[in-house]
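Below: the structure, in C-alpha cells.
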Protein chains: 2
Amino acid sequence: MSKYSLVIHGGAGTILKESMTPELEVAYRKGLQEALDKGYAVLANGGAAVEAVLAATISLEDNILFNAGCGSVFGKDGKQEMDASVMEGRELMAGAVSAVRNIRNPVLLAYAVMTQTSHVMLNGQGANDFAASIGMKTEPDEYFYSPFRYEQWKQVQHSDMVALDHNIAVKDQPGQAGKKFGTVGAAACDMQGNIAAATSTGGMTNKQWGRVGDSPIIGAGTYANNKTCAISCTGHGELFIKAVAAYDVSCLMEYKGFSLEKAINMVVHDKLMKIGGEGGMIGVDANGNAAMVFNSEGMYRGIRSNEGMNEVAIYK
Amino acid sequence: MSKYSLVIHGGAGTILKESMTPELEVAYRKGLQEALDKGYAVLANGGAAVEAVLAATISLEDNILFNAGCGSVFGKDGKQEMDASVMEGRELMAGAVSAVRNIRNPVLLAYAVMTQTSHVMLNGQGANDFAASIGMKTEPDEYFYSPFRYEQWKQVQHSDMVALDHNIAVKDQPGQAGKKFGTVGAAACDMQGNIAAATSTGGMTNKQWGRVGDSPIIGAGTYANNKTCAISCTGHGELFIKAVAAYDVSCLMEYKGFSLEKAINMVVHDKLMKIGGEGGMIGVDANGNAAMVFNSEGMYRGIRSNEGMNEVAIYK
C-alpha cells in the first residue's frame with residue numbers, strides 16, 4: 001500500500017488575520033476540516049482518488065462560507081451561475097460544466113459529463129438540460145441565497161464592476177475588492193497510486209456576459225495525469241487560463257523532470273507572478289506527495305495523509 | 001525584416017480524393033487560397049500577425065464550404081451554435097466565445113472579448129448580449145442555412161447521435177460519419193516576429209446539451225506565445241481538450257528545446273494518437289517557420305510565406 005493523501009482549498013486572495021473575526025475563523029477551519037475528513041475517509045476505506053475529491057468538493061459546495069454550490073456569489077441578474085470540473089489521472093477522463101443554475105452540486109454534474117457522455121464540457125442551459133435528463137439534484141433559488149453574498153452583490157449591482165471578493169467573512173474596504181478569489185477544489189492520491197482533481201466555483205460577484213473563468217477549463221483550473229500530478233487552482237481566472245496553469249505544472253514535471261513541489265512553485269511564484277496572476281494551487285503526485293502554494297496573502301487550505309499530516313490553514 | 005508566414009486550416013478527417021468531385025475540390029482549393037491571400041496581404045503590408053489570422057479566419061467563416069460562420073452545422077434544435085478563440089503571443093492576450101448564435105464572424109467577437117473586456121471567455125446568451133452591446137454584426141437564421149448542412153442534420157436529427165462529419169463535399173457512407181472535424185483556423189508570424197493564432201467552428205451536427213469542444217479553449221484548440229509558437233487545432237475536440245494539445249506543443253518547445261516541427265509532430269503523431277485523438281494542427285514560430293501536421297486522411301490547409309511558399313492542399 002502506497003502513501004495516500006488529500007489536499008483541498010477554499011479560495012485564495014487578500015485574506016488577513018486582522019480582518020477576520022475569531023468566530024468566522026473557527027467556522028472556516030471547521031468547514032475545511034469537515035471537507036478534508038469526508039474526502040480522506042474515502043481514501044482510508046480504499047476508495048478511488050476521484051471519489052475522494054468529489055466528497056471533499058461536495059462538502060465545500062454544501063457549506064455557505066465558500067463561493068461554490070450553495071454559497072455561490074450573485075451574478076448581474078441576481079442569480080448564481082456555477083462552474084465545475086473534474087479529471088482523473090489514470091485514463092485522462094475529464095468532465096466540466098459552466099454557467100449552470102440551481103444544480104446543488106456542480107462537481108457531480110461535471111462527473112456525470114465525464115462518466116455518462118462522450119463529451120468533456122457542457123455549458124449553460126444545455127448543461128442544465130443534461131442534468132435534468134439524468135435526474136441530477138437541483139435546489140430552488142432560495143437555497144443559494146445568503147445575506148452576505150446578497151449584500152456584496154447589492155454594493156456593485158448597478159455598476160459595471162465585477163467583484164472578485166467572494167469571502168463573506170472579510171470586512172473589506174471598497175478599495176480592496178477584487179483581491180479574493182472564491183473557488184473550492186481538491187486533489188487526491190489513493191492507495192492504488194491513482195490521482196484526481198476537482199474544482200468548483202460560483203465565479204465573480206456581478207459577473208455578466210456569460211463570463212467563464214479557469215475553474216471549468218481542463219488544463220487551466222484542473223488537470224490530472226498519473227504520470228505527473230493532479231492540480232486544482234484558485235485565483236484570477238483569466239490569467240490562469242492564459243498561463244494554462246494546471247497543465248503547466250504537469251509539463252514541468254514531465255519535460256523538465258521537476259518534482260511536484262518545484263513545478264508548482266515555479267508556476268505560482270514565477271510564471272503566474274510575471275503576468276500578475278494572483279492566486280494559488282494545490283496538487284498531489286502519484287506517490288502521494290502533496291503541495292499547497294499561493295502568491296496571495298492567504299489561501300483556505302487543508303492537507304491530510306496516511307503518514308500523519310492533518311491540518312487546515314488560512315494565512316501565510 | 002524577418003521571415004513572415006501564414007498557415008491556415010479548414011478542418012481534418014477522412015477526406016479522400018475518391019469521394020470528392022472535381023468541382024468541389026476546385027471550390028475548396030479556391031476557398032483556401034482566398035483565405036490565404038487575405039491573411040497574407042495583411043502580413044505583406046506590415047500588419048500584425050493577429051490581424052492576419054483574423055482576416056484569414058473571417059474569409060473561411062464567410063465561405064459556406066467550411067464548418068464555421070455561415071457554413072456552420074446544425075445543432076439538435078436546428079440552429080447554429082458557434083465557438084471561436086484568438087490569442088496573440090507578445091502579451092499573451094486572448095479572447096474566446098462559445099455557443100454564440102447569429103454572429104456573422106465569431107472570431108471577431110472573440111477578438112472583441114480580448115481587446116474590449118477584462119475577460120478571456122464569454123459563453124452563450126451572455127456572449128451574445130456582449131456582442132449586441134458593442135454593435136457586433138449579426139445575421140438572420142437564413143444566412144446560416146445551407147441545404148447540405150441541413151440534410152446532414154436531418155439524417156441524425158431524431159437520433160441521439162452527433163455527427164462529427166462536417167464536410168458537405170464528401171459522399172460518405174453512413175458508417176463513415178464521425179470521422180471528419182470541421183473547424184477553421186490560422187496561425188501567423190509577422191514582419192516584427194510577433195505571432196498569433198485563431199480558431200473558429202460550428203461544432204458537431206446535432207450537438208446538444210451545450211457541448212463545448214476545444215476550439216474556444218485557450219491551451220487546447222488555440223495558443224500563442226512569442227517565446228514558442230502559435231497553434232490552431234482541428235480534430236476530435238474532447239481528446240484535444242484532455243491532451244491540452246496546443247499548449248503541449250509550446251511546452252515541448254519551451255521545456256525540451258524542440259523545434260516547432262518536432263514538437264507538433266510529437267503531439268499529433270504520438271501523444272494524440274495514443275489517446276485516439278484524430279485530427280491535426282497548424283503552427284508557426286517567431287522566426288516564421290511553419291508546420292501543418294495531421295494524423296487523419298486529410299486536412300484542408302494552406303501555407304504562404306515571403307520566402308516563396310504559396311500552396312494549398314487537401315490530402316496526405
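Residue names in the C-alpha cells use chain letters A, B, ... in the order shown, residue numbers from 1 in each chain, and ligand numbers from 1 in the order shown.
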
Notebook entry, point to check: Mind listing as a ChimeraX atom specification which residues of chain B are within 8 Å of chain A, counting only C-alpha atoms?
Noted result: /B:92-94,118-130,208-213,217-220,238,241-242,244,247-248,251-252,255-256

Generate the output file for the selected residues, N, CA, C and O atoms, as a short mmCIF file (atom, residue, chain, number, x, y, z; two decimals), in the first residue's frame.
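What landed in out_25.cif:
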```cif
data_model
loop_
_atom_site.label_atom_id
_atom_site.label_comp_id
_atom_site.auth_asym_id
_atom_site.auth_seq_id
_atom_site.Cartn_x
_atom_site.Cartn_y
_atom_site.Cartn_z
N LEU B 92 0.45 37.76 -24.55
CA LEU B 92 -0.41 36.64 -24.15
C LEU B 92 -1.86 37.08 -23.96
O LEU B 92 -2.55 36.62 -23.06
N MET B 93 -2.31 37.99 -24.79
CA MET B 93 -3.71 38.39 -24.74
C MET B 93 -4.54 37.33 -25.47
O MET B 93 -4.10 36.79 -26.50
N ALA B 94 -5.72 37.06 -24.94
CA ALA B 94 -6.56 36.02 -25.52
C ALA B 94 -8.03 36.36 -25.35
O ALA B 94 -8.41 37.05 -24.40
N SER B 118 -12.18 42.66 -19.68
CA SER B 118 -11.12 42.13 -18.82
C SER B 118 -11.18 40.60 -18.76
O SER B 118 -10.46 39.98 -17.99
N HIS B 119 -12.06 40.02 -19.58
CA HIS B 119 -12.24 38.58 -19.53
C HIS B 119 -11.53 37.88 -20.69
O HIS B 119 -11.07 38.51 -21.63
N VAL B 120 -11.46 36.55 -20.60
CA VAL B 120 -10.93 35.76 -21.70
C VAL B 120 -12.05 35.03 -22.43
O VAL B 120 -12.05 34.96 -23.65
N MET B 121 -13.02 34.53 -21.68
CA MET B 121 -14.03 33.67 -22.31
C MET B 121 -15.44 34.08 -21.91
O MET B 121 -15.74 34.20 -20.73
N LEU B 122 -16.28 34.28 -22.90
CA LEU B 122 -17.70 34.55 -22.67
C LEU B 122 -18.51 33.46 -23.37
O LEU B 122 -18.13 32.98 -24.42
N ASN B 123 -19.65 33.13 -22.76
CA ASN B 123 -20.41 32.00 -23.27
C ASN B 123 -21.88 32.30 -23.49
O ASN B 123 -22.48 33.06 -22.74
N GLY B 124 -22.45 31.68 -24.52
CA GLY B 124 -23.89 31.61 -24.70
C GLY B 124 -24.57 32.96 -24.84
O GLY B 124 -24.06 33.89 -25.46
N GLN B 125 -25.78 33.05 -24.25
CA GLN B 125 -26.56 34.27 -24.39
C GLN B 125 -25.79 35.48 -23.86
O GLN B 125 -25.90 36.58 -24.40
N GLY B 126 -25.01 35.28 -22.80
CA GLY B 126 -24.22 36.38 -22.26
C GLY B 126 -23.25 36.93 -23.30
O GLY B 126 -23.08 38.15 -23.42
N ALA B 127 -22.61 36.03 -24.03
CA ALA B 127 -21.69 36.46 -25.08
C ALA B 127 -22.45 37.19 -26.19
O ALA B 127 -21.96 38.20 -26.73
N ASN B 128 -23.65 36.71 -26.50
CA ASN B 128 -24.48 37.42 -27.49
C ASN B 128 -24.90 38.80 -26.98
O ASN B 128 -24.95 39.76 -27.75
N ASP B 129 -25.19 38.90 -25.68
CA ASP B 129 -25.54 40.20 -25.09
C ASP B 129 -24.36 41.17 -25.20
O ASP B 129 -24.53 42.35 -25.51
N PHE B 130 -23.17 40.66 -24.92
CA PHE B 130 -21.97 41.49 -25.07
C PHE B 130 -21.81 41.94 -26.53
O PHE B 130 -21.54 43.12 -26.81
N GLN B 208 -25.98 18.76 -28.75
CA GLN B 208 -26.98 19.22 -27.78
C GLN B 208 -26.27 19.46 -26.45
O GLN B 208 -25.06 19.32 -26.33
N TRP B 209 -27.07 19.84 -25.45
CA TRP B 209 -26.57 19.99 -24.10
C TRP B 209 -25.46 21.03 -23.96
O TRP B 209 -24.66 21.00 -23.05
N GLY B 210 -25.37 21.94 -24.92
CA GLY B 210 -24.36 22.98 -24.78
C GLY B 210 -22.94 22.46 -24.86
O GLY B 210 -22.03 23.01 -24.24
N ARG B 211 -22.74 21.39 -25.65
CA ARG B 211 -21.40 20.81 -25.78
C ARG B 211 -20.39 21.86 -26.26
O ARG B 211 -20.63 22.59 -27.21
N VAL B 212 -19.25 21.93 -25.59
CA VAL B 212 -18.15 22.81 -25.98
C VAL B 212 -16.96 21.93 -26.36
O VAL B 212 -16.57 21.04 -25.60
N GLY B 213 -16.38 22.18 -27.54
CA GLY B 213 -15.20 21.44 -27.97
C GLY B 213 -13.93 22.20 -27.63
O GLY B 213 -13.92 23.08 -26.77
N ILE B 217 -11.21 26.86 -26.38
CA ILE B 217 -10.44 26.65 -25.15
C ILE B 217 -8.98 27.04 -25.39
O ILE B 217 -8.25 26.36 -26.13
N ILE B 218 -8.55 28.10 -24.72
CA ILE B 218 -7.14 28.52 -24.80
C ILE B 218 -6.29 27.41 -24.18
O ILE B 218 -6.56 26.95 -23.08
N GLY B 219 -5.27 26.98 -24.90
CA GLY B 219 -4.44 25.87 -24.44
C GLY B 219 -4.78 24.58 -25.15
O GLY B 219 -3.90 23.78 -25.43
N ALA B 220 -6.06 24.37 -25.46
CA ALA B 220 -6.47 23.16 -26.16
C ALA B 220 -6.52 23.39 -27.67
O ALA B 220 -5.73 22.84 -28.42
N GLU B 238 -12.90 16.70 -27.83
CA GLU B 238 -12.79 16.19 -26.47
C GLU B 238 -11.38 15.69 -26.18
O GLU B 238 -10.84 15.89 -25.08
N ILE B 241 -8.91 18.52 -25.84
CA ILE B 241 -9.02 19.16 -24.53
C ILE B 241 -8.23 18.37 -23.49
O ILE B 241 -7.42 18.92 -22.74
N LYS B 242 -8.45 17.05 -23.47
CA LYS B 242 -7.75 16.21 -22.49
C LYS B 242 -6.24 16.27 -22.67
O LYS B 242 -5.48 16.17 -21.72
N VAL B 244 -4.67 18.87 -23.79
CA VAL B 244 -4.24 20.28 -23.76
C VAL B 244 -3.28 20.49 -24.94
O VAL B 244 -2.16 20.97 -24.80
N TYR B 247 -1.18 23.88 -26.12
CA TYR B 247 -0.15 24.29 -25.17
C TYR B 247 0.93 23.22 -25.03
O TYR B 247 2.08 23.54 -24.70
N ASP B 248 0.59 21.97 -25.27
CA ASP B 248 1.59 20.92 -25.17
C ASP B 248 2.72 21.15 -26.18
O ASP B 248 3.90 20.91 -25.87
N CYS B 251 4.94 23.73 -24.68
CA CYS B 251 5.76 23.21 -23.58
C CYS B 251 6.92 22.37 -24.07
O CYS B 251 8.03 22.43 -23.52
N LEU B 252 6.68 21.57 -25.12
CA LEU B 252 7.78 20.76 -25.67
C LEU B 252 8.88 21.67 -26.23
O LEU B 252 10.07 21.35 -26.15
N TYR B 255 10.33 23.65 -22.78
CA TYR B 255 10.98 22.86 -21.74
C TYR B 255 11.93 21.80 -22.27
O TYR B 255 12.83 21.36 -21.55
N LYS B 256 11.69 21.35 -23.53
CA LYS B 256 12.57 20.32 -24.08
C LYS B 256 13.47 20.87 -25.18
O LYS B 256 14.32 20.15 -25.68
#
```

Item checked: Non-local contacts of Val184 in chain A (7 Å; only C-alpha atoms; under 3 positions in same chain excluded) as a PyMOL selection string -> chain A and resi 9-11+57+60+68+199-201

Write to file, as a short mmCIF file (atom, residue, chain, number, x, y, z; two decimals), in the first residue's frame, the residues of the selection just made, with N, CA and C atoms.
```cif
data_model
loop_
_atom_site.label_atom_id
_atom_site.label_comp_id
_atom_site.auth_asym_id
_atom_site.auth_seq_id
_atom_site.Cartn_x
_atom_site.Cartn_y
_atom_site.Cartn_z
N HIS A 9 -8.67 23.17 -1.16
CA HIS A 9 -8.62 24.62 -0.99
C HIS A 9 -10.03 25.20 -1.04
N GLY A 10 -10.15 26.39 -0.45
CA GLY A 10 -11.45 27.07 -0.44
C GLY A 10 -11.33 28.49 -0.95
N GLY A 11 -10.30 28.73 -1.80
CA GLY A 11 -10.10 30.07 -2.37
C GLY A 11 -8.86 30.74 -1.82
N THR A 57 -15.08 18.10 -2.32
CA THR A 57 -15.61 19.26 -3.04
C THR A 57 -17.10 19.44 -2.75
N LEU A 60 -17.55 21.20 0.51
CA LEU A 60 -17.30 22.65 0.39
C LEU A 60 -18.44 23.34 -0.37
N ALA A 68 -19.07 28.47 -3.88
CA ALA A 68 -19.33 27.32 -4.75
C ALA A 68 -20.61 26.70 -4.22
N THR A 199 -12.53 21.00 -9.16
CA THR A 199 -12.63 22.43 -8.84
C THR A 199 -14.08 22.86 -9.04
N SER A 200 -14.55 23.79 -8.21
CA SER A 200 -15.93 24.26 -8.34
C SER A 200 -16.00 25.71 -7.88
N THR A 201 -16.86 26.51 -8.52
CA THR A 201 -16.93 27.93 -8.15
C THR A 201 -18.27 28.56 -8.54
#
```

Item checked: For Gly276 in chain A: contacts at 10 Å, only C-alpha atoms, fewer than 5 positions along chain excluded, given as an NGL selection string -> :A and (236 or 239-240 or 270-271)

Item checked: Residue nearest Gly71 in chain B among B:Gln157, B:Asn105, B:Asn45, B:Ser232 (counting only C-alpha atoms) -> B:Asn105

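Between CA of Asp141 in chain A and CA of Ile103 in chain A there is a distance of 9.9 Å.
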
Notebook entry, point to check: Could you pull the residues within 6 Å of Ala12 in chain A, counting only C-alpha atoms, minus those fewer than 5 positions along the same chain, as a PyMOL selection string?
Noted result: chain A and resi 180-181+279+298-299

Item checked: Selection near range 187-192 of chain A, 9 Å with only C-alpha atoms, sequence-local residues under 3 positions removed, as an MDAnalysis selection string -> chainID A and resid 1:8 39:40 42:44 46:50 52:53 195:199 224 230:232 282:290

Next, the residues of the selection above should be written as an mmCIF file, in the first residue's frame with N, CA and C atoms.
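Dumped to result18.cif:
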```cif
data_model
loop_
_atom_site.group_PDB
_atom_site.id
_atom_site.type_symbol
_atom_site.label_atom_id
_atom_site.label_comp_id
_atom_site.auth_asym_id
_atom_site.auth_seq_id
_atom_site.Cartn_x
_atom_site.Cartn_y
_atom_site.Cartn_z
ATOM 1 N N MET A 1 0.844 -1.197 0.000
ATOM 2 C CA MET A 1 0.000 0.000 0.000
ATOM 3 C C MET A 1 0.878 1.245 0.000
ATOM 4 N N SER A 2 0.610 2.100 -0.952
ATOM 5 C CA SER A 2 1.442 3.294 -1.028
ATOM 6 C C SER A 2 0.832 4.426 -0.217
ATOM 7 N N LYS A 3 1.582 5.462 -0.092
ATOM 8 C CA LYS A 3 1.154 6.665 0.624
ATOM 9 C C LYS A 3 -0.072 7.262 -0.061
ATOM 10 N N TYR A 4 -1.047 7.665 0.738
ATOM 11 C CA TYR A 4 -2.180 8.350 0.130
ATOM 12 C C TYR A 4 -2.443 9.667 0.827
ATOM 13 N N SER A 5 -2.998 10.599 0.095
ATOM 14 C CA SER A 5 -3.119 11.947 0.644
ATOM 15 C C SER A 5 -4.201 12.731 -0.075
ATOM 16 N N LEU A 6 -4.683 13.753 0.618
ATOM 17 C CA LEU A 6 -5.720 14.634 0.081
ATOM 18 C C LEU A 6 -5.353 16.075 0.423
ATOM 19 N N VAL A 7 -5.463 16.956 -0.550
ATOM 20 C CA VAL A 7 -5.326 18.403 -0.300
ATOM 21 C C VAL A 7 -6.587 19.094 -0.799
ATOM 22 N N ILE A 8 -6.979 20.142 -0.097
ATOM 23 C CA ILE A 8 -8.175 20.894 -0.504
ATOM 24 C C ILE A 8 -7.879 22.390 -0.431
ATOM 25 N N GLY A 39 -13.330 13.635 2.447
ATOM 26 C CA GLY A 39 -12.523 13.110 1.350
ATOM 27 C C GLY A 39 -11.545 12.050 1.827
ATOM 28 N N TYR A 40 -10.939 12.290 2.974
ATOM 29 C CA TYR A 40 -9.937 11.351 3.486
ATOM 30 C C TYR A 40 -10.558 10.003 3.838
ATOM 31 N N VAL A 42 -12.824 8.469 2.320
ATOM 32 C CA VAL A 42 -12.901 7.684 1.080
ATOM 33 C C VAL A 42 -11.570 6.987 0.826
ATOM 34 N N LEU A 43 -10.479 7.757 0.960
ATOM 35 C CA LEU A 43 -9.143 7.193 0.713
ATOM 36 C C LEU A 43 -8.814 6.100 1.737
ATOM 37 N N ALA A 44 -9.116 6.368 2.992
ATOM 38 C CA ALA A 44 -8.780 5.418 4.068
ATOM 39 C C ALA A 44 -9.559 4.117 3.916
ATOM 40 N N GLY A 46 -10.069 2.749 1.133
ATOM 41 C CA GLY A 46 -9.609 2.117 -0.100
ATOM 42 C C GLY A 46 -10.286 2.647 -1.350
ATOM 43 N N GLY A 47 -11.006 3.736 -1.213
ATOM 44 C CA GLY A 47 -11.733 4.312 -2.348
ATOM 45 C C GLY A 47 -10.813 5.004 -3.336
ATOM 46 N N ALA A 48 -11.388 5.355 -4.472
ATOM 47 C CA ALA A 48 -10.626 5.969 -5.564
ATOM 48 C C ALA A 48 -10.412 7.459 -5.322
ATOM 49 N N ALA A 49 -9.290 7.945 -5.824
ATOM 50 C CA ALA A 49 -8.956 9.369 -5.692
ATOM 51 C C ALA A 49 -10.091 10.245 -6.212
ATOM 52 N N VAL A 50 -10.708 9.851 -7.339
ATOM 53 C CA VAL A 50 -11.758 10.699 -7.908
ATOM 54 C C VAL A 50 -12.960 10.767 -6.962
ATOM 55 N N ALA A 52 -12.729 10.597 -3.728
ATOM 56 C CA ALA A 52 -12.287 11.422 -2.597
ATOM 57 C C ALA A 52 -12.388 12.912 -2.917
ATOM 58 N N VAL A 53 -11.966 13.287 -4.132
ATOM 59 C CA VAL A 53 -12.042 14.714 -4.470
ATOM 60 C C VAL A 53 -13.495 15.154 -4.637
ATOM 61 N N ILE A 195 -4.501 9.274 -9.174
ATOM 62 C CA ILE A 195 -4.711 10.643 -8.699
ATOM 63 C C ILE A 195 -5.866 11.304 -9.462
ATOM 64 N N ALA A 196 -6.423 12.346 -8.840
ATOM 65 C CA ALA A 196 -7.557 13.059 -9.439
ATOM 66 C C ALA A 196 -7.630 14.453 -8.835
ATOM 67 N N ALA A 197 -8.327 15.345 -9.528
ATOM 68 C CA ALA A 197 -8.526 16.705 -9.025
ATOM 69 C C ALA A 197 -9.907 17.202 -9.431
ATOM 70 N N ALA A 198 -10.458 18.109 -8.626
ATOM 71 C CA ALA A 198 -11.753 18.724 -8.935
ATOM 72 C C ALA A 198 -11.742 20.169 -8.469
ATOM 73 N N THR A 199 -12.528 20.999 -9.156
ATOM 74 C CA THR A 199 -12.630 22.431 -8.845
ATOM 75 C C THR A 199 -14.080 22.858 -9.037
ATOM 76 N N ALA A 224 -5.284 16.377 -14.317
ATOM 77 C CA ALA A 224 -4.779 15.184 -13.612
ATOM 78 C C ALA A 224 -4.200 14.192 -14.605
ATOM 79 N N ALA A 230 -1.943 15.864 -10.100
ATOM 80 C CA ALA A 230 -3.347 16.295 -10.141
ATOM 81 C C ALA A 230 -3.398 17.652 -9.463
ATOM 82 N N ILE A 231 -4.008 18.626 -10.136
ATOM 83 C CA ILE A 231 -3.928 20.032 -9.716
ATOM 84 C C ILE A 231 -5.316 20.671 -9.699
ATOM 85 N N SER A 232 -5.597 21.473 -8.665
ATOM 86 C CA SER A 232 -6.781 22.340 -8.662
ATOM 87 C C SER A 232 -6.335 23.759 -8.320
ATOM 88 N N ILE A 282 -3.289 23.733 -5.474
ATOM 89 C CA ILE A 282 -2.951 22.569 -4.665
ATOM 90 C C ILE A 282 -2.736 21.403 -5.609
ATOM 91 N N GLY A 283 -1.921 20.442 -5.169
ATOM 92 C CA GLY A 283 -1.675 19.314 -6.047
ATOM 93 C C GLY A 283 -1.111 18.116 -5.314
ATOM 94 N N VAL A 284 -1.201 16.972 -5.978
ATOM 95 C CA VAL A 284 -0.577 15.741 -5.497
ATOM 96 C C VAL A 284 0.135 15.085 -6.678
ATOM 97 N N ASP A 285 1.054 14.187 -6.371
ATOM 98 C CA ASP A 285 1.577 13.309 -7.416
ATOM 99 C C ASP A 285 1.183 11.875 -7.096
ATOM 100 N N ALA A 286 1.562 10.947 -7.958
ATOM 101 C CA ALA A 286 1.097 9.563 -7.811
ATOM 102 C C ALA A 286 1.848 8.808 -6.713
ATOM 103 N N ASN A 287 2.829 9.469 -6.078
ATOM 104 C CA ASN A 287 3.474 8.880 -4.911
ATOM 105 C C ASN A 287 2.894 9.408 -3.610
ATOM 106 N N GLY A 288 1.819 10.188 -3.733
ATOM 107 C CA GLY A 288 1.176 10.711 -2.524
ATOM 108 C C GLY A 288 1.803 11.986 -1.999
ATOM 109 N N ASN A 289 2.814 12.519 -2.661
ATOM 110 C CA ASN A 289 3.357 13.817 -2.271
ATOM 111 C C ASN A 289 2.323 14.890 -2.567
ATOM 112 N N ALA A 290 2.295 15.909 -1.721
ATOM 113 C CA ALA A 290 1.284 16.954 -1.881
ATOM 114 C C ALA A 290 1.909 18.325 -1.737
#
```

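In terms of minimum interatomic distance to Phe294 in chain A, A:Glu278 ranks closest within A:Glu307, A:Glu25, A:Glu278, A:Glu142, counting only C-alpha atoms.
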
Next item on the list: Compare B:Tyr111, B:Phe258, B:Phe144, B:Tyr150 by their minimum atom-to-atom distance to Met82 in chain B, counting only C-alpha atoms, and give me the closest one.
Entry: B:Phe144

Next item on the list: Would you mind telling me which residue in B:Asn67, B:Asn306, B:Asn206, B:Gln80 lies nearest to Pro140 in chain B when using only C-alpha atoms?
Entry: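 Of the candidates, the smallest distance to Pro140 in chain B is held by B:Gln80.
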